[in-house]
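**Q** Provided herewith: model_15.txt, compact mmCIF, C-alpha atoms.
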```
# COMPACT_ATOMS: atom_id res chain seq x y z
CA MET A 168 90.20 -26.32 58.12
CA THR A 169 90.24 -27.13 61.83
CA SER A 170 87.80 -28.97 64.06
CA THR A 171 87.21 -27.18 67.33
CA VAL A 172 84.97 -29.85 68.87
CA PRO A 173 84.08 -33.34 67.63
CA ALA A 174 81.84 -33.18 64.57
CA LEU A 175 78.27 -34.25 65.20
CA GLY A 176 77.76 -36.05 61.89
CA THR A 177 74.30 -36.02 60.36
CA ARG A 178 72.34 -36.30 63.60
CA THR A 179 69.17 -34.21 63.35
CA ALA A 180 66.00 -33.73 65.31
CA GLU A 181 63.21 -36.17 64.52
CA GLY A 182 61.15 -35.10 61.54
CA SER A 183 63.53 -32.28 60.52
CA ALA A 184 65.24 -32.10 57.14
CA LEU A 185 67.76 -29.63 58.52
CA GLN A 186 71.14 -31.37 58.75
CA ALA A 187 73.47 -28.51 59.69
CA VAL A 188 73.79 -24.77 60.13
CA LEU A 189 76.77 -22.98 58.60
CA LEU A 190 77.50 -19.48 59.86
CA ASP A 191 79.57 -16.62 58.51
CA MET A 192 81.58 -14.67 61.08
CA ASP A 193 82.31 -10.97 60.39
CA GLY A 194 79.12 -8.92 60.30
CA THR A 195 76.97 -12.01 60.90
CA LEU A 196 77.93 -13.22 64.37
CA VAL A 197 80.34 -10.48 65.41
CA ASP A 198 80.00 -6.77 64.74
CA THR A 199 83.36 -6.37 62.99
CA GLU A 200 82.71 -5.24 59.41
CA GLY A 201 83.26 -1.65 60.54
CA PHE A 202 86.47 -2.71 62.29
CA TRP A 203 87.93 -4.02 59.05
CA TRP A 204 87.13 -0.82 57.17
CA ASP A 205 88.63 1.31 59.94
CA VAL A 206 91.83 -0.75 59.86
CA GLU A 207 92.02 -0.52 56.07
CA ALA A 208 91.59 3.24 56.24
CA GLU A 209 94.27 3.57 58.92
CA VAL A 210 96.78 1.41 57.05
CA PHE A 211 96.31 3.28 53.80
CA ALA A 212 96.50 6.62 55.61
CA SER A 213 99.91 5.55 56.91
CA LEU A 214 100.87 4.92 53.27
CA GLY A 215 99.69 8.39 52.28
CA HIS A 216 96.34 7.46 50.76
CA THR A 217 92.72 8.22 51.65
CA LEU A 218 90.08 5.58 50.97
CA ASP A 219 86.86 6.56 49.24
CA ASP A 220 83.91 5.51 51.41
CA SER A 221 82.12 4.15 48.32
CA TRP A 222 84.78 1.44 48.10
CA ARG A 223 83.50 -0.09 51.32
CA HIS A 224 80.72 -1.87 49.42
CA VAL A 225 83.30 -3.36 47.07
CA VAL A 226 85.55 -4.86 49.74
CA VAL A 227 82.98 -5.96 52.33
CA GLY A 228 82.54 -9.69 52.80
CA GLY A 229 85.25 -10.72 50.39
CA PRO A 230 88.56 -12.51 50.88
CA MET A 231 91.52 -10.37 51.85
CA SER A 232 93.25 -11.12 48.56
CA ARG A 233 90.37 -9.52 46.69
CA SER A 234 89.68 -6.57 48.99
CA ALA A 235 93.34 -5.72 49.57
CA GLY A 236 94.13 -6.15 45.89
CA PHE A 237 91.32 -3.81 44.94
CA LEU A 238 92.49 -1.14 47.38
CA ILE A 239 96.08 -1.34 46.15
CA GLU A 240 94.92 -0.89 42.57
CA ALA A 241 92.42 1.86 43.43
CA THR A 242 94.93 3.92 45.43
CA GLY A 243 98.13 3.08 43.58
CA ALA A 244 99.81 2.39 46.92
CA ASP A 245 103.39 1.16 46.74
CA ILE A 246 102.91 -2.10 48.68
CA THR A 247 102.58 -5.76 47.80
CA LEU A 248 99.51 -7.84 48.54
CA ALA A 249 101.47 -10.02 50.97
CA GLU A 250 102.80 -6.98 52.86
CA LEU A 251 99.38 -5.37 53.05
CA SER A 252 97.74 -8.58 54.27
CA VAL A 253 100.14 -8.72 57.21
CA LEU A 254 99.45 -5.09 58.12
CA LEU A 255 95.68 -5.56 57.92
CA ASN A 256 95.65 -8.73 60.03
CA ASP A 257 97.99 -7.14 62.59
CA GLY A 258 95.81 -4.03 62.76
CA PHE A 259 92.62 -6.04 63.16
CA GLU A 260 94.04 -8.18 65.94
CA LYS A 261 95.08 -5.08 67.85
CA ARG A 262 91.67 -3.50 67.38
CA ILE A 263 89.56 -6.42 68.58
CA GLY A 264 91.43 -6.83 71.86
CA ARG A 265 90.17 -9.59 74.13
CA THR A 266 86.43 -9.50 73.47
CA LEU A 267 84.18 -8.56 70.56
CA PRO A 268 80.63 -7.23 70.35
CA LEU A 269 78.30 -9.97 69.15
CA MET A 270 75.47 -9.20 66.76
CA PRO A 271 72.02 -9.09 68.38
CA GLY A 272 70.66 -12.64 68.64
CA ALA A 273 74.00 -14.35 67.94
CA ALA A 274 74.66 -15.69 71.45
CA ARG A 275 71.09 -16.96 71.80
CA LEU A 276 71.16 -18.70 68.39
CA LEU A 277 74.49 -20.41 69.06
CA ALA A 278 73.31 -21.60 72.47
CA GLU A 279 70.10 -22.99 70.97
CA LEU A 280 71.92 -24.87 68.21
CA SER A 281 74.31 -26.36 70.76
CA ALA A 282 71.50 -27.33 73.13
CA HIS A 283 69.74 -29.23 70.34
CA GLU A 284 73.01 -30.77 69.07
CA ILE A 285 72.61 -29.33 65.59
CA PRO A 286 75.88 -29.71 63.63
CA THR A 287 77.23 -26.19 63.23
CA ALA A 288 80.22 -24.76 61.39
CA LEU A 289 81.85 -21.34 61.28
CA VAL A 290 82.74 -20.47 57.68
CA SER A 291 84.72 -17.27 57.16
CA ALA A 292 86.81 -15.54 54.51
CA SER A 293 89.05 -14.29 57.32
CA HIS A 294 92.39 -15.98 57.91
CA ARG A 295 92.89 -18.71 60.52
CA ARG A 296 94.78 -16.38 62.88
CA ILE A 297 91.78 -14.06 62.98
CA ILE A 298 89.18 -16.82 63.38
CA ASP A 299 91.05 -18.29 66.33
CA ARG A 300 91.05 -14.91 68.07
CA VAL A 301 87.35 -14.32 67.42
CA LEU A 302 86.45 -17.80 68.66
CA THR A 303 87.35 -16.75 72.18
CA SER A 304 84.39 -14.36 72.06
CA LEU A 305 82.00 -16.69 70.22
CA GLY A 306 82.82 -19.83 72.19
CA PRO A 307 84.61 -22.61 70.28
CA GLN A 308 82.34 -25.20 71.90
CA HIS A 309 79.50 -24.05 69.66
CA PHE A 310 81.18 -25.25 66.46
CA GLY A 311 81.88 -28.75 65.21
CA LEU A 312 84.09 -27.28 62.52
CA THR A 313 85.65 -23.98 61.46
CA VAL A 314 86.78 -23.11 57.93
CA ALA A 315 89.12 -20.17 57.26
CA GLY A 316 89.58 -18.30 54.01
CA ASP A 317 93.27 -19.19 53.80
CA GLU A 318 92.55 -22.92 54.15
CA VAL A 319 90.60 -23.54 50.95
CA PRO A 320 91.77 -23.34 47.31
CA ARG A 321 89.16 -20.67 46.54
CA THR A 322 87.29 -18.69 49.16
CA LYS A 323 84.04 -16.74 48.92
CA PRO A 324 82.31 -15.99 46.52
CA HIS A 325 83.29 -19.50 45.35
CA PRO A 326 81.42 -22.43 46.92
CA ASP A 327 84.56 -24.16 48.22
CA PRO A 328 84.32 -23.02 51.89
CA TYR A 329 80.72 -24.17 52.27
CA LEU A 330 81.29 -27.40 50.40
CA ALA A 331 84.27 -28.07 52.69
CA ALA A 332 82.18 -27.36 55.78
CA ALA A 333 79.35 -29.67 54.66
CA ALA A 334 81.82 -32.44 53.81
CA GLY A 335 83.59 -32.01 57.15
CA LEU A 336 80.31 -32.38 59.02
CA GLY A 337 79.20 -35.26 56.80
CA VAL A 338 76.02 -33.55 55.60
CA ASP A 339 74.30 -32.69 52.32
CA PRO A 340 74.84 -29.03 51.35
CA ALA A 341 71.25 -28.90 50.10
CA ARG A 342 70.10 -29.65 53.66
CA CYS A 343 72.23 -26.94 55.22
CA ALA A 344 71.06 -23.50 56.26
CA VAL A 345 73.68 -20.80 55.80
CA VAL A 346 73.54 -17.45 57.57
CA GLU A 347 75.40 -14.63 55.78
CA ASP A 348 75.49 -10.83 55.80
CA THR A 349 77.02 -9.93 52.41
CA ALA A 350 76.32 -10.59 48.75
CA THR A 351 79.74 -12.26 48.44
CA GLY A 352 78.94 -14.77 51.16
CA VAL A 353 75.42 -15.34 49.82
CA ALA A 354 76.87 -16.12 46.39
CA ALA A 355 79.25 -18.68 47.88
CA ALA A 356 76.51 -20.44 49.85
CA GLU A 357 74.08 -20.50 46.94
CA ALA A 358 76.77 -21.84 44.60
CA ALA A 359 77.26 -24.67 47.10
CA GLY A 360 73.54 -25.48 46.91
CA CYS A 361 72.63 -24.34 50.42
CA HIS A 362 69.55 -22.46 51.57
CA VAL A 363 70.58 -18.97 52.68
CA VAL A 364 69.35 -16.66 55.39
CA ALA A 365 70.72 -13.19 54.63
CA VAL A 366 71.06 -10.63 57.40
CA PRO A 367 72.45 -7.61 55.48
CA SER A 368 75.09 -5.62 57.37
CA VAL A 369 76.51 -3.01 54.98
CA ALA A 370 74.74 -3.34 51.61
CA PRO A 371 71.14 -4.45 50.87
CA ILE A 372 70.42 -8.01 49.76
CA THR A 373 67.22 -8.94 47.95
CA PRO A 374 65.18 -12.13 48.56
CA ALA A 375 65.40 -14.90 45.95
CA VAL A 376 64.73 -18.60 45.47
CA ARG A 377 66.34 -20.47 48.40
CA ARG A 378 67.23 -17.10 49.94
CA THR A 379 65.37 -15.52 52.85
CA VAL A 380 66.24 -12.01 54.00
CA VAL A 381 65.72 -10.89 57.61
CA ASP A 382 66.59 -7.70 59.48
CA SER A 383 68.34 -9.31 62.43
CA LEU A 384 69.52 -12.62 63.87
CA GLU A 385 66.91 -12.04 66.53
CA GLU A 386 64.40 -13.26 63.93
CA VAL A 387 66.31 -16.52 63.44
CA ASP A 388 65.91 -19.56 65.67
CA LEU A 389 65.90 -23.33 65.19
CA THR A 390 62.19 -23.45 64.38
CA PHE A 391 62.73 -20.78 61.71
CA LEU A 392 65.65 -22.70 60.16
CA ARG A 393 63.78 -26.01 60.16
CA GLY A 394 60.86 -24.26 58.52
CA LEU A 395 63.07 -23.20 55.62
CA MET A 396 63.97 -26.81 54.95
CA THR A 397 60.31 -27.85 55.11
CA GLN A 398 59.44 -25.27 52.47
CA MET A 399 61.97 -26.88 50.12
CA ARG A 400 60.19 -30.24 50.06
```
Would it be possible to restate this file's structure as structure tokens?
**A**
Amino acid sequence: MTSTVPALGTRTAEGSALQAVLLDMDGTLVDTEGFWWDVEAEVFASLGHTLDDSWRHVVVGGPMSRSAGFLIEATGADITLAELSVLLNDGFEKRIGRTLPLMPGAARLLAELSAHEIPTALVSASHRRIIDRVLTSLGPQHFGLTVAGDEVPRTKPHPDPYLAAAAGLGVDPARCAVVEDTATGVAAAEAAGCHVVAVPSVAPITPAVRRTVVDSLEEVDLTFLRGLMTQMR
């Protein structure tokens, strides 16, 4: 877990119960879920295996240990999890190049949170080496804290990454709004006690208690996020 700018503590706007915003990365802020699948398909093709497109819903949003492990078992590929993880991370880094396409509304939302000094964390199941590359496109100045999947004992769908982010920012998880795009990430945030805004990228997500589903980040702004906290009172 690495701070990219000084944490902003529990400072909030007057009258708002919102203490922090915690954001997923792949598929939420950057349009990379398809990149990961393409890399997985290419790596397994080089090993002599073809991936079934239906498996994409199984591996999306999860930690590499889970997704890579599933693909090894499903294909019977003769490769270890450690070896495959290196190949996948190498392939992804080559694919993303210097800049990444942001999801619609992502740049505007990050700028707004920064302008209002809302404590914000990036919480991803991706490894630190990948997060640090993606931060060059997102702007590290927008985040008081970043949490990588290989820096916590258990990553998504367990609550550990979001609990670590809330603790690092010095805020109450119940007063955090989490923005996620997959069921795996939603499960992690809800297990941590956060209110979730789901912006589905690959598979549908249904609304639930403490879970609001929107079609795009363009529907999400600071007023929207503060409103979610108000509804919880």
**Q** Counting only C-alpha atoms, which residues sit no farther than 12 Å from the position (74.4, -19.9, 73.8) in the file's frame? I'd like them as number ranges by chain.
**A** A: 269, 272-284, 304-310, 388
**Q** Any chance you could export the current selection's C-alpha atoms as an mmCIF file, in the frame of the given file?
**A**
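What landed in selection-v1.cif:
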```cif
data_model
loop_
_atom_site.group_PDB
_atom_site.id
_atom_site.type_symbol
_atom_site.label_atom_id
_atom_site.label_comp_id
_atom_site.auth_asym_id
_atom_site.auth_seq_id
_atom_site.Cartn_x
_atom_site.Cartn_y
_atom_site.Cartn_z
ATOM 1 C CA LEU A 269 78.300 -9.970 69.150
ATOM 2 C CA GLY A 272 70.660 -12.640 68.640
ATOM 3 C CA ALA A 273 74.000 -14.350 67.940
ATOM 4 C CA ALA A 274 74.660 -15.690 71.450
ATOM 5 C CA ARG A 275 71.090 -16.960 71.800
ATOM 6 C CA LEU A 276 71.160 -18.700 68.390
ATOM 7 C CA LEU A 277 74.490 -20.410 69.060
ATOM 8 C CA ALA A 278 73.310 -21.600 72.470
ATOM 9 C CA GLU A 279 70.100 -22.990 70.970
ATOM 10 C CA LEU A 280 71.920 -24.870 68.210
ATOM 11 C CA SER A 281 74.310 -26.360 70.760
ATOM 12 C CA ALA A 282 71.500 -27.330 73.130
ATOM 13 C CA HIS A 283 69.740 -29.230 70.340
ATOM 14 C CA GLU A 284 73.010 -30.770 69.070
ATOM 15 C CA SER A 304 84.390 -14.360 72.060
ATOM 16 C CA LEU A 305 82.000 -16.690 70.220
ATOM 17 C CA GLY A 306 82.820 -19.830 72.190
ATOM 18 C CA PRO A 307 84.610 -22.610 70.280
ATOM 19 C CA GLN A 308 82.340 -25.200 71.900
ATOM 20 C CA HIS A 309 79.500 -24.050 69.660
ATOM 21 C CA PHE A 310 81.180 -25.250 66.460
ATOM 22 C CA ASP A 388 65.910 -19.560 65.670
#
```
**Q** Quick one, how far is atom CA of A:Thr313 from atom CA of A:Val290?
**A**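 These two atoms are separated by 5.9 Å.
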**Q** With all atoms listed in the file as the counted atoms, please give the residues lying no more than 12 Å from A:Thr247, apart from itself and same-chain residues fewer than 4 positions off, as a PyMOL selection string.
**A** chain A and resi 232+235-240+243+251-254
**Q** So which one's closest to A:Val319, A:Ile372, A:Ile263, A:Ala187, A:Ala292? Using all atoms listed in the file, please.
**A**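 Checking each candidate against A:Val319, we get A:Ala292 as the closest.
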**Q** Excluding stretch 336-349 of chain A and any residue of its chain fewer than 6 positions from it, enumerate the residues within 9 Å of it, using all atoms listed in the file, and give them as a VMD selection string.
**A** chain A and resid 174 to 177 184 to 195 227 to 229 286 to 288 311 to 312 329 to 330 356 to 357 359 to 372 384 392 to 393 395 to 396
**Q** Of the candidates A:Lys323, A:Glu207, A:Met270, A:His216, which one gets nearest to A:Gly352 if we count all atoms listed in the file?
**A**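 Smallest distance to A:Gly352 is found for A:Lys323.
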**Q** Which one is closest to A:Arg300: A:Pro324, A:Ala332, A:Val197, A:Val226? Count all atoms listed in the file.
**A**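 Ranked by minimum distance to A:Arg300, first place goes to A:Val197.
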